[in-house]
Amino acid sequence: MAGSPALPDHRLRTICDPASFPFDTTEQLTGLPDATVSLGQGRAEEALRFALAMHQPGYHVFVLGAHGSGRHAIVNRLLKEHAATRAVPPDLCYLHNFDDPQRPQLLSLPAGRGAQLRTDMQTLIRELGPAIDDALDSETHEGRVSALQEAHKAREEGALRELGEQCHADGLAFLRTAEGFVFAPTVDGEPMTPELFEAQPKDAQAAVEKKVGDWSDRLADLLDEFPSWRQELRDAIDRAEREVLGPAVALLLRPLREKYADLPQVQAFFDAIRKDLLDSGANWISPGEEEEDTPAEDGSRFHRYQIKLLVDHAATEGAPVVHETNAGFGNLIGRIEHVTQMGNVVTHYNLIRAGALHRASGGYLILDADRMFAQPYAWEGLKRALRSGEIRIEPPAEAQSWSGSLSLEPEPAPCALKVVMIGDRDTFYLLTDHDPEFGELFKVAADFDDDLPRTPDNEQRYARLLTTLARNAELLPLDRGAMARLVEEGARLAEAADRLTLHTRLISDIMREADHFARGEAAPAIGREHIDTALAASARRMARYPDQVRQSIIEGTTLISTAGERAGQVNGLVVVSLAGQHFGHPVRITATARVGEGDVVDIERETDLGGAIHSKGVLILTAFLAARYARHQPLSLTASLVFEQSYAPVEGDSASLGELCALLSALAQVPIRQNLAVTGSVNQFGEVQAIGGVNEKIEGYFDLCLAQGLTGDQGVVIPAPNVRHLMLREDVVAAAREGRFHIHAVTTVDQAMQILTGLAAGAPDSKGAMPRNSINYKVAAALADMAARRHASPDENSRISRHRGRGVARQRDITAGD
């Protein structure tokens, strides 16, 4: 076959020699010092350590990298290492604010003291009821209160009696009736009847009425004094209650005051409790009654003396490391819950709930960016807390008017922590470009690599990493053959023979599934055959789509030829990604050309099925045509390129080499061998560039040829820069070794055309002339003929046709660019 020879089998897959491992099974191998050691992530680890050591504001960290690369494990390890050297932050509590109940007070206590204080206050509350009841129910206090009440009653009765005696001397009787007090005239010391009063002369009646009015005014003056007398009684009783309660309350508070003597805030709280108790006195309801306006969680009449322990660090060692997996606004900032009582929605400070920022204050908070940005208001709430340095528990500004229920305004808590947000690169770049505050708050980026160089030393370290992962998952040990197979799979997942993937989740999944098959055979260790079985089973589970595509081709529903020749038609290769799996299969690319105005029509783009990168590739090959063949004449063709039987969007430029070959074949009318498939990207100089998914593309075409029967002349043309990426399946490598399948690497479109057509591409001589019967000569001749036809008169076109009919295309050598 003309063109570059097929690649030797050792270039198609870089194997790992099991003998390179100094162990029979990984039981004899020492794992990495830590299961989450950052193999190959030195740059990201350096960035994390720098951010953790920086105590200036705004040096929070955004960890960017691919899923499954061990980002979370490495971040957790580093944070825990750093947190172990930090002091334990204080406990956070909320107290009832006696001056303004709607604004609970924040209390910060040394770690562990919050739980103690809460327990002590619960004990105090249990003791307060009986102590107050005993004090107020004591005979001494009750006797004193009774005496005060009797004295007050006697004072009122005495004043009224004295008023009655005085009015009696004035001829009036002072009477107490159901309607109140009245004055009546008397006769011989007895009240005058109404009939007798009516019989009195008018002057006598007027005199009596005047006296009654005067004495009524004096009575009114006396009754006006009664409220002040009663207030004096209440004040006296209050003093009595304070005097009897004072010693009892002081006795109960004394041990607490001594225990918390070093905490002024707690002492001030005890003072407020004492004042509240003494001021309330006998107003406390009995334990058996229900206080409707007291929304206590436990029904206690002393609920406002409770300690709301918001964050308890009694069991914390070092600084806290909190990973919030559900980073909604309330879970981040905290929230105030409400309860319904008697049909009313109420709340109190015991219904304040801590957020992740509270729990992580004084330490570190890990957030998953994709989960947080899926929650409304969460990002704005986080930024507000980090900017202000305080955690203010309140609804987001956008939602503050949604509820008409009365809420609280707790005193803000300090927001002193380091946030580590983990996300992908797209999220990081979007935030950097579109949110100015992001760069002010997250000044450090820890970028995790996706792979590491595949060197002998790194293969040994990779083996230790996989050993550690297997031990952590409690898997069977792996023998050296299984480890070599995993190293090879690590290179395949990295899509480069000289790299090893750091997506440990994928490798771990393979080991778990291999462990399943090994245990099913009661094998003492996982062998290479178990790894192969696991990979084959995984591929079979996801093989429905590629099997359907291949069957459609075999049945003739999808037109793909793997034999014969045809001009303007080539087998391109595409990759389809489904659920994280990648499958390659061939697609027919056809090209037509005719006289025109230099347009190359991309049918995919015209029908909105071609993406921007694909359209760019078509424009590049158009530029290549003009630069190589039409430097001194107009490009006078109209060409059409299409992916046949393609009903889904096409993106990428990996088909541009195949499209260019199909177009050159159509222009030169040189048939392309259909037993070959081609993939690659080209630039304006005709140089072939690397593409992605090269292994899957080759294997997709191989599977089709294998199903139809390998003929020994089938193969794939790939870019030479992609050779370093080859990690083909072992059956493909075996077929290539036996000469039943061929992989050709090319660096230029000329090499590709020589392989696909069997003709020499043709290089210009010193005068720029192309050798006859070469592909470039035929393409240049066709374009020159199109240019001549486009600008010739009808008679000249007729003459050109006659000359061509006699087999005389032109009378001189065709030169590139003519």
# chains A, B, ... in the order shown; residues from 1 in each chain; ligands from 1
>>> residues_around(residues="Gly389 (chain A)", least_positions_apart="5", cutoff="12 Å", atoms="only C-alpha atoms", output="list of chain:residue names")
A:Pro57, A:Gly58, A:Leu357, A:His358, A:Ser361, A:Gly362, A:Gly381, A:Leu382, A:Lys383, A:Arg384, A:Pro412, A:Ala413, A:Pro414, A:Cys415, A:Ala416, A:Leu417, A:Lys418, A:Leu441
>>> closest_atom_pairs(of="region 504-604 of chain A", to="region 700-724 of chain A", cutoff="10 Å", atoms="only C-alpha atoms", output="tab-separated table")
residue	atom	partner	partner_atom	distance
A:Pro546	CA	A:Gly700	CA	8.2
A:Asp547	CA	A:Asp703	CA	9.6
A:Val549	CA	A:Leu704	CA	9.5
A:Arg550	CA	A:Leu704	CA	6.1
A:Gln551	CA	A:Leu704	CA	8.7
A:Ile553	CA	A:Leu704	CA	8.1
A:Ile554	CA	A:Gln708	CA	7.1
A:Ile560	CA	A:Leu704	CA	9.7
A:Ser561	CA	A:Cys705	CA	9.8
A:Thr562	CA	A:Cys705	CA	7.0
A:Ala563	CA	A:Gln714	CA	8.2
A:Asn571	CA	A:Tyr701	CA	9.3
A:Gly572	CA	A:Val716	CA	9.5
A:Leu573	CA	A:Tyr701	CA	7.7
A:Val574	CA	A:Gly700	CA	8.9
A:Val575	CA	A:Gly700	CA	8.7
A:Phe583	CA	A:Gly700	CA	6.8
A:Gly584	CA	A:Gly700	CA	4.4
A:His585	CA	A:Gly700	CA	4.5
A:Pro586	CA	A:Tyr701	CA	6.0
A:Val587	CA	A:Tyr701	CA	9.7
>>> residues_around(residues="region 224-241 of chain A", least_positions_apart="6", cutoff="10 Å", atoms="only C-alpha atoms", output="compact mmCIF listing (two decimals) with C-alpha atoms, in the first residue's frame")
# COMPACT_ATOMS: atom_id res chain seq x y z
CA ILE A 132 -40.42 30.04 94.60
CA ALA A 135 -41.03 30.85 99.62
CA LEU A 136 -44.31 32.41 98.58
CA HIS A 141 -44.88 35.37 104.00
CA GLU A 142 -48.56 34.54 103.81
CA ARG A 144 -47.26 39.19 106.24
CA VAL A 145 -49.28 39.49 103.05
CA SER A 146 -52.51 38.86 105.00
CA LEU A 148 -50.86 44.00 104.72
CA GLN A 149 -54.15 43.19 103.09
CA ALA A 151 -54.40 46.73 107.14
CA HIS A 152 -55.33 48.02 103.76
CA LYS A 153 -58.92 46.84 104.18
CA ARG A 155 -57.80 51.66 106.24
CA GLU A 156 -60.45 51.81 103.54
CA ALA A 159 -62.07 56.10 106.04
CA ARG A 218 -66.14 64.43 99.50
CA LEU A 278 -37.74 39.31 91.91
CA ASP A 279 -39.69 41.67 89.67
CA SER A 280 -42.14 38.95 88.69
CA GLY A 281 -42.72 37.65 92.19
CA ALA A 282 -46.07 35.89 92.62
>>> select_by_dssp(residues="region 371-570 of chain A", states="strand (DSSP E)", output="list of chain:residue names")
A:Glu390, A:Ile391, A:Ala413, A:Pro414, A:Lys418, A:Val419, A:Val420, A:Met421, A:Ile422, A:Gly423, A:Val444, A:Ala445, A:Ala446, A:Asp447, A:Asp451, A:Leu452, A:Pro453, A:Arg499, A:Leu500, A:Thr501, A:Glu565, A:Arg566, A:Gln569, A:Val570
>>> atom_distance(atom1="CA of Thr557 (chain A)", atom2="CA of Ser646 (chain A)")
12.5 Å
>>> closest_residue(among="A:Ala690, A:Val670, A:Ala44, A:Leu726", to="Ala497 (chain A)", atoms="only C-alpha atoms")
A:Leu726
>>> select_by_dssp(residues="region 488-736 of chain A", states="alpha helix (DSSP H)", output="ChimeraX atom specification")
/A:488-493,504-520,528-541,544-555,603-606,612-629,656-668,694-708,730-736
>>> closest_residue(among="A:Thr533, A:Ser20, A:Gln569, A:Gln633", to="Gly598 (chain A)", atoms="only C-alpha atoms")
A:Gln633
>>> closest_residue(among="A:Asp9, A:Asp262, A:Asp785, A:Asp17", to="Leu728 (chain A)", atoms="only C-alpha atoms")
A:Asp9
>>> residues_around(residues="Glu45 (chain A)", least_positions_apart="4", cutoff="9 Å", atoms="only C-alpha atoms", output="list in words")
Ser38, Gln41, Arg49, Phe50, Ile74, Val75, Leu78, Ala446, Asp447 and Phe448 of chain A
>>> closest_residue(among="A:Gln674, A:Gln669, A:Asn472, A:Ser216", to="Ala782 (chain A)", atoms="only C-alpha atoms")
A:Gln669
>>> decode(residues="region 439-489 of chain A", atoms="N, CA and C atoms", output="PDB file, in the first residue's frame")
ATOM      1  N   GLY A 439     -13.522  37.257  42.960  1.00  0.00           N
ATOM      2  CA  GLY A 439     -12.079  37.425  43.030  1.00  0.00           C
ATOM      3  C   GLY A 439     -11.620  38.098  44.306  1.00  0.00           C
ATOM      4  N   GLU A 440     -12.489  38.901  44.933  1.00  0.00           N
ATOM      5  CA  GLU A 440     -12.127  39.556  46.184  1.00  0.00           C
ATOM      6  C   GLU A 440     -12.174  38.590  47.364  1.00  0.00           C
ATOM      7  N   LEU A 441     -13.039  37.593  47.275  1.00  0.00           N
ATOM      8  CA  LEU A 441     -13.212  36.664  48.388  1.00  0.00           C
ATOM      9  C   LEU A 441     -12.398  35.386  48.224  1.00  0.00           C
ATOM     10  N   PHE A 442     -12.297  34.888  46.993  1.00  0.00           N
ATOM     11  CA  PHE A 442     -11.578  33.634  46.729  1.00  0.00           C
ATOM     12  C   PHE A 442     -10.330  33.965  45.908  1.00  0.00           C
ATOM     13  N   LYS A 443      -9.288  34.363  46.626  1.00  0.00           N
ATOM     14  CA  LYS A 443      -8.071  34.820  45.967  1.00  0.00           C
ATOM     15  C   LYS A 443      -7.141  33.679  45.577  1.00  0.00           C
ATOM     16  N   VAL A 444      -7.413  32.481  46.062  1.00  0.00           N
ATOM     17  CA  VAL A 444      -6.501  31.358  45.817  1.00  0.00           C
ATOM     18  C   VAL A 444      -7.231  30.281  45.030  1.00  0.00           C
ATOM     19  N   ALA A 445      -6.616  29.843  43.942  1.00  0.00           N
ATOM     20  CA  ALA A 445      -7.142  28.739  43.138  1.00  0.00           C
ATOM     21  C   ALA A 445      -6.207  27.544  43.275  1.00  0.00           C
ATOM     22  N   ALA A 446      -6.752  26.417  43.676  1.00  0.00           N
ATOM     23  CA  ALA A 446      -5.988  25.172  43.765  1.00  0.00           C
ATOM     24  C   ALA A 446      -6.437  24.277  42.612  1.00  0.00           C
ATOM     25  N   ASP A 447      -5.638  24.243  41.565  1.00  0.00           N
ATOM     26  CA  ASP A 447      -6.008  23.547  40.334  1.00  0.00           C
ATOM     27  C   ASP A 447      -5.439  22.128  40.347  1.00  0.00           C
ATOM     28  N   PHE A 448      -6.319  21.151  40.372  1.00  0.00           N
ATOM     29  CA  PHE A 448      -5.911  19.746  40.437  1.00  0.00           C
ATOM     30  C   PHE A 448      -5.651  19.211  39.028  1.00  0.00           C
ATOM     31  N   ASP A 449      -4.508  18.559  38.873  1.00  0.00           N
ATOM     32  CA  ASP A 449      -4.177  17.934  37.592  1.00  0.00           C
ATOM     33  C   ASP A 449      -5.028  16.700  37.372  1.00  0.00           C
ATOM     34  N   ASP A 450      -5.259  16.399  36.089  1.00  0.00           N
ATOM     35  CA  ASP A 450      -6.047  15.226  35.736  1.00  0.00           C
ATOM     36  C   ASP A 450      -5.185  13.975  35.593  1.00  0.00           C
ATOM     37  N   ASP A 451      -3.888  14.156  35.396  1.00  0.00           N
ATOM     38  CA  ASP A 451      -3.012  13.002  35.212  1.00  0.00           C
ATOM     39  C   ASP A 451      -1.596  13.374  35.611  1.00  0.00           C
ATOM     40  N   LEU A 452      -0.705  12.388  35.545  1.00  0.00           N
ATOM     41  CA  LEU A 452       0.706  12.627  35.843  1.00  0.00           C
ATOM     42  C   LEU A 452       1.554  11.848  34.849  1.00  0.00           C
ATOM     43  N   PRO A 453       2.821  12.237  34.657  1.00  0.00           N
ATOM     44  CA  PRO A 453       3.669  11.539  33.670  1.00  0.00           C
ATOM     45  C   PRO A 453       3.824  10.063  34.024  1.00  0.00           C
ATOM     46  N   ARG A 454       3.814   9.250  32.994  1.00  0.00           N
ATOM     47  CA  ARG A 454       4.002   7.807  33.201  1.00  0.00           C
ATOM     48  C   ARG A 454       5.481   7.488  33.075  1.00  0.00           C
ATOM     49  N   THR A 455       6.152   7.513  34.176  1.00  0.00           N
ATOM     50  CA  THR A 455       7.564   7.150  34.244  1.00  0.00           C
ATOM     51  C   THR A 455       7.691   5.889  35.084  1.00  0.00           C
ATOM     52  N   PRO A 456       8.833   5.192  35.016  1.00  0.00           N
ATOM     53  CA  PRO A 456       8.988   3.992  35.870  1.00  0.00           C
ATOM     54  C   PRO A 456       8.778   4.284  37.347  1.00  0.00           C
ATOM     55  N   ASP A 457       9.307   5.400  37.814  1.00  0.00           N
ATOM     56  CA  ASP A 457       9.116   5.743  39.231  1.00  0.00           C
ATOM     57  C   ASP A 457       7.649   6.007  39.535  1.00  0.00           C
ATOM     58  N   ASN A 458       6.972   6.731  38.643  1.00  0.00           N
ATOM     59  CA  ASN A 458       5.560   7.035  38.895  1.00  0.00           C
ATOM     60  C   ASN A 458       4.688   5.792  38.796  1.00  0.00           C
ATOM     61  N   GLU A 459       5.087   4.824  37.960  1.00  0.00           N
ATOM     62  CA  GLU A 459       4.339   3.567  37.919  1.00  0.00           C
ATOM     63  C   GLU A 459       4.403   2.867  39.278  1.00  0.00           C
ATOM     64  N   GLN A 460       5.583   2.914  39.922  1.00  0.00           N
ATOM     65  CA  GLN A 460       5.715   2.296  41.245  1.00  0.00           C
ATOM     66  C   GLN A 460       4.879   3.054  42.282  1.00  0.00           C
ATOM     67  N   ARG A 461       4.896   4.376  42.218  1.00  0.00           N
ATOM     68  CA  ARG A 461       4.092   5.169  43.159  1.00  0.00           C
ATOM     69  C   ARG A 461       2.599   4.968  42.884  1.00  0.00           C
ATOM     70  N   TYR A 462       2.269   4.822  41.610  1.00  0.00           N
ATOM     71  CA  TYR A 462       0.868   4.585  41.236  1.00  0.00           C
ATOM     72  C   TYR A 462       0.395   3.260  41.820  1.00  0.00           C
ATOM     73  N   ALA A 463       1.277   2.269  41.789  1.00  0.00           N
ATOM     74  CA  ALA A 463       0.936   0.969  42.357  1.00  0.00           C
ATOM     75  C   ALA A 463       0.685   1.086  43.862  1.00  0.00           C
ATOM     76  N   ARG A 464       1.471   1.890  44.529  1.00  0.00           N
ATOM     77  CA  ARG A 464       1.269   2.085  45.973  1.00  0.00           C
ATOM     78  C   ARG A 464      -0.042   2.824  46.241  1.00  0.00           C
ATOM     79  N   LEU A 465      -0.359   3.786  45.380  1.00  0.00           N
ATOM     80  CA  LEU A 465      -1.634   4.499  45.531  1.00  0.00           C
ATOM     81  C   LEU A 465      -2.809   3.544  45.381  1.00  0.00           C
ATOM     82  N   LEU A 466      -2.769   2.701  44.335  1.00  0.00           N
ATOM     83  CA  LEU A 466      -3.864   1.759  44.123  1.00  0.00           C
ATOM     84  C   LEU A 466      -3.931   0.733  45.247  1.00  0.00           C
ATOM     85  N   THR A 467      -2.779   0.360  45.773  1.00  0.00           N
ATOM     86  CA  THR A 467      -2.760  -0.559  46.912  1.00  0.00           C
ATOM     87  C   THR A 467      -3.482   0.051  48.109  1.00  0.00           C
ATOM     88  N   THR A 468      -3.200   1.314  48.363  1.00  0.00           N
ATOM     89  CA  THR A 468      -3.840   1.991  49.492  1.00  0.00           C
ATOM     90  C   THR A 468      -5.346   2.100  49.281  1.00  0.00           C
ATOM     91  N   LEU A 469      -5.759   2.453  48.062  1.00  0.00           N
ATOM     92  CA  LEU A 469      -7.184   2.554  47.767  1.00  0.00           C
ATOM     93  C   LEU A 469      -7.874   1.202  47.942  1.00  0.00           C
ATOM     94  N   ALA A 470      -7.213   0.146  47.497  1.00  0.00           N
ATOM     95  CA  ALA A 470      -7.793  -1.198  47.630  1.00  0.00           C
ATOM     96  C   ALA A 470      -7.916  -1.598  49.094  1.00  0.00           C
ATOM     97  N   ARG A 471      -6.920  -1.264  49.890  1.00  0.00           N
ATOM     98  CA  ARG A 471      -6.983  -1.615  51.310  1.00  0.00           C
ATOM     99  C   ARG A 471      -8.067  -0.829  52.022  1.00  0.00           C
ATOM    100  N   ASN A 472      -8.186   0.425  51.675  1.00  0.00           N
ATOM    101  CA  ASN A 472      -9.240   1.227  52.306  1.00  0.00           C
ATOM    102  C   ASN A 472     -10.623   0.693  51.977  1.00  0.00           C
ATOM    103  N   ALA A 473     -10.771   0.136  50.770  1.00  0.00           N
ATOM    104  CA  ALA A 473     -12.054  -0.436  50.365  1.00  0.00           C
ATOM    105  C   ALA A 473     -12.199  -1.890  50.791  1.00  0.00           C
ATOM    106  N   GLU A 474     -11.187  -2.419  51.518  1.00  0.00           N
ATOM    107  CA  GLU A 474     -11.202  -3.799  52.024  1.00  0.00           C
ATOM    108  C   GLU A 474     -11.349  -4.791  50.873  1.00  0.00           C
ATOM    109  N   LEU A 475     -10.558  -4.571  49.822  1.00  0.00           N
ATOM    110  CA  LEU A 475     -10.562  -5.477  48.677  1.00  0.00           C
ATOM    111  C   LEU A 475      -9.477  -6.526  48.844  1.00  0.00           C
ATOM    112  N   LEU A 476      -9.578  -7.572  48.038  1.00  0.00           N
ATOM    113  CA  LEU A 476      -8.521  -8.577  48.009  1.00  0.00           C
ATOM    114  C   LEU A 476      -7.225  -7.941  47.505  1.00  0.00           C
ATOM    115  N   PRO A 477      -6.078  -8.485  47.879  1.00  0.00           N
ATOM    116  CA  PRO A 477      -4.826  -7.955  47.319  1.00  0.00           C
ATOM    117  C   PRO A 477      -4.776  -8.189  45.812  1.00  0.00           C
ATOM    118  N   LEU A 478      -3.944  -7.423  45.144  1.00  0.00           N
ATOM    119  CA  LEU A 478      -3.789  -7.551  43.701  1.00  0.00           C
ATOM    120  C   LEU A 478      -2.440  -8.175  43.402  1.00  0.00           C
ATOM    121  N   ASP A 479      -2.410  -9.091  42.424  1.00  0.00           N
ATOM    122  CA  ASP A 479      -1.114  -9.624  42.024  1.00  0.00           C
ATOM    123  C   ASP A 479      -0.467  -8.661  41.020  1.00  0.00           C
ATOM    124  N   ARG A 480       0.775  -8.944  40.667  1.00  0.00           N
ATOM    125  CA  ARG A 480       1.512  -8.007  39.823  1.00  0.00           C
ATOM    126  C   ARG A 480       0.913  -7.894  38.428  1.00  0.00           C
ATOM    127  N   GLY A 481       0.295  -8.977  37.944  1.00  0.00           N
ATOM    128  CA  GLY A 481      -0.361  -8.893  36.634  1.00  0.00           C
ATOM    129  C   GLY A 481      -1.545  -7.963  36.658  1.00  0.00           C
ATOM    130  N   ALA A 482      -2.339  -8.025  37.721  1.00  0.00           N
ATOM    131  CA  ALA A 482      -3.475  -7.119  37.855  1.00  0.00           C
ATOM    132  C   ALA A 482      -3.001  -5.680  37.976  1.00  0.00           C
ATOM    133  N   MET A 483      -1.916  -5.448  38.720  1.00  0.00           N
ATOM    134  CA  MET A 483      -1.412  -4.082  38.871  1.00  0.00           C
ATOM    135  C   MET A 483      -0.915  -3.546  37.533  1.00  0.00           C
ATOM    136  N   ALA A 484      -0.220  -4.378  36.756  1.00  0.00           N
ATOM    137  CA  ALA A 484       0.239  -3.933  35.442  1.00  0.00           C
ATOM    138  C   ALA A 484      -0.939  -3.583  34.542  1.00  0.00           C
ATOM    139  N   ARG A 485      -1.989  -4.387  34.630  1.00  0.00           N
ATOM    140  CA  ARG A 485      -3.180  -4.115  33.815  1.00  0.00           C
ATOM    141  C   ARG A 485      -3.842  -2.809  34.242  1.00  0.00           C
ATOM    142  N   LEU A 486      -3.858  -2.525  35.521  1.00  0.00           N
ATOM    143  CA  LEU A 486      -4.449  -1.284  36.008  1.00  0.00           C
ATOM    144  C   LEU A 486      -3.621  -0.073  35.595  1.00  0.00           C
ATOM    145  N   VAL A 487      -2.297  -0.212  35.585  1.00  0.00           N
ATOM    146  CA  VAL A 487      -1.448   0.884  35.113  1.00  0.00           C
ATOM    147  C   VAL A 487      -1.749   1.176  33.646  1.00  0.00           C
ATOM    148  N   GLU A 488      -1.893   0.112  32.853  1.00  0.00           N
ATOM    149  CA  GLU A 488      -2.224   0.311  31.442  1.00  0.00           C
ATOM    150  C   GLU A 488      -3.590   0.966  31.284  1.00  0.00           C
ATOM    151  N   GLU A 489      -4.546   0.548  32.120  1.00  0.00           N
ATOM    152  CA  GLU A 489      -5.873   1.167  32.049  1.00  0.00           C
ATOM    153  C   GLU A 489      -5.813   2.619  32.518  1.00  0.00           C
TER     154      GLU A 489
END
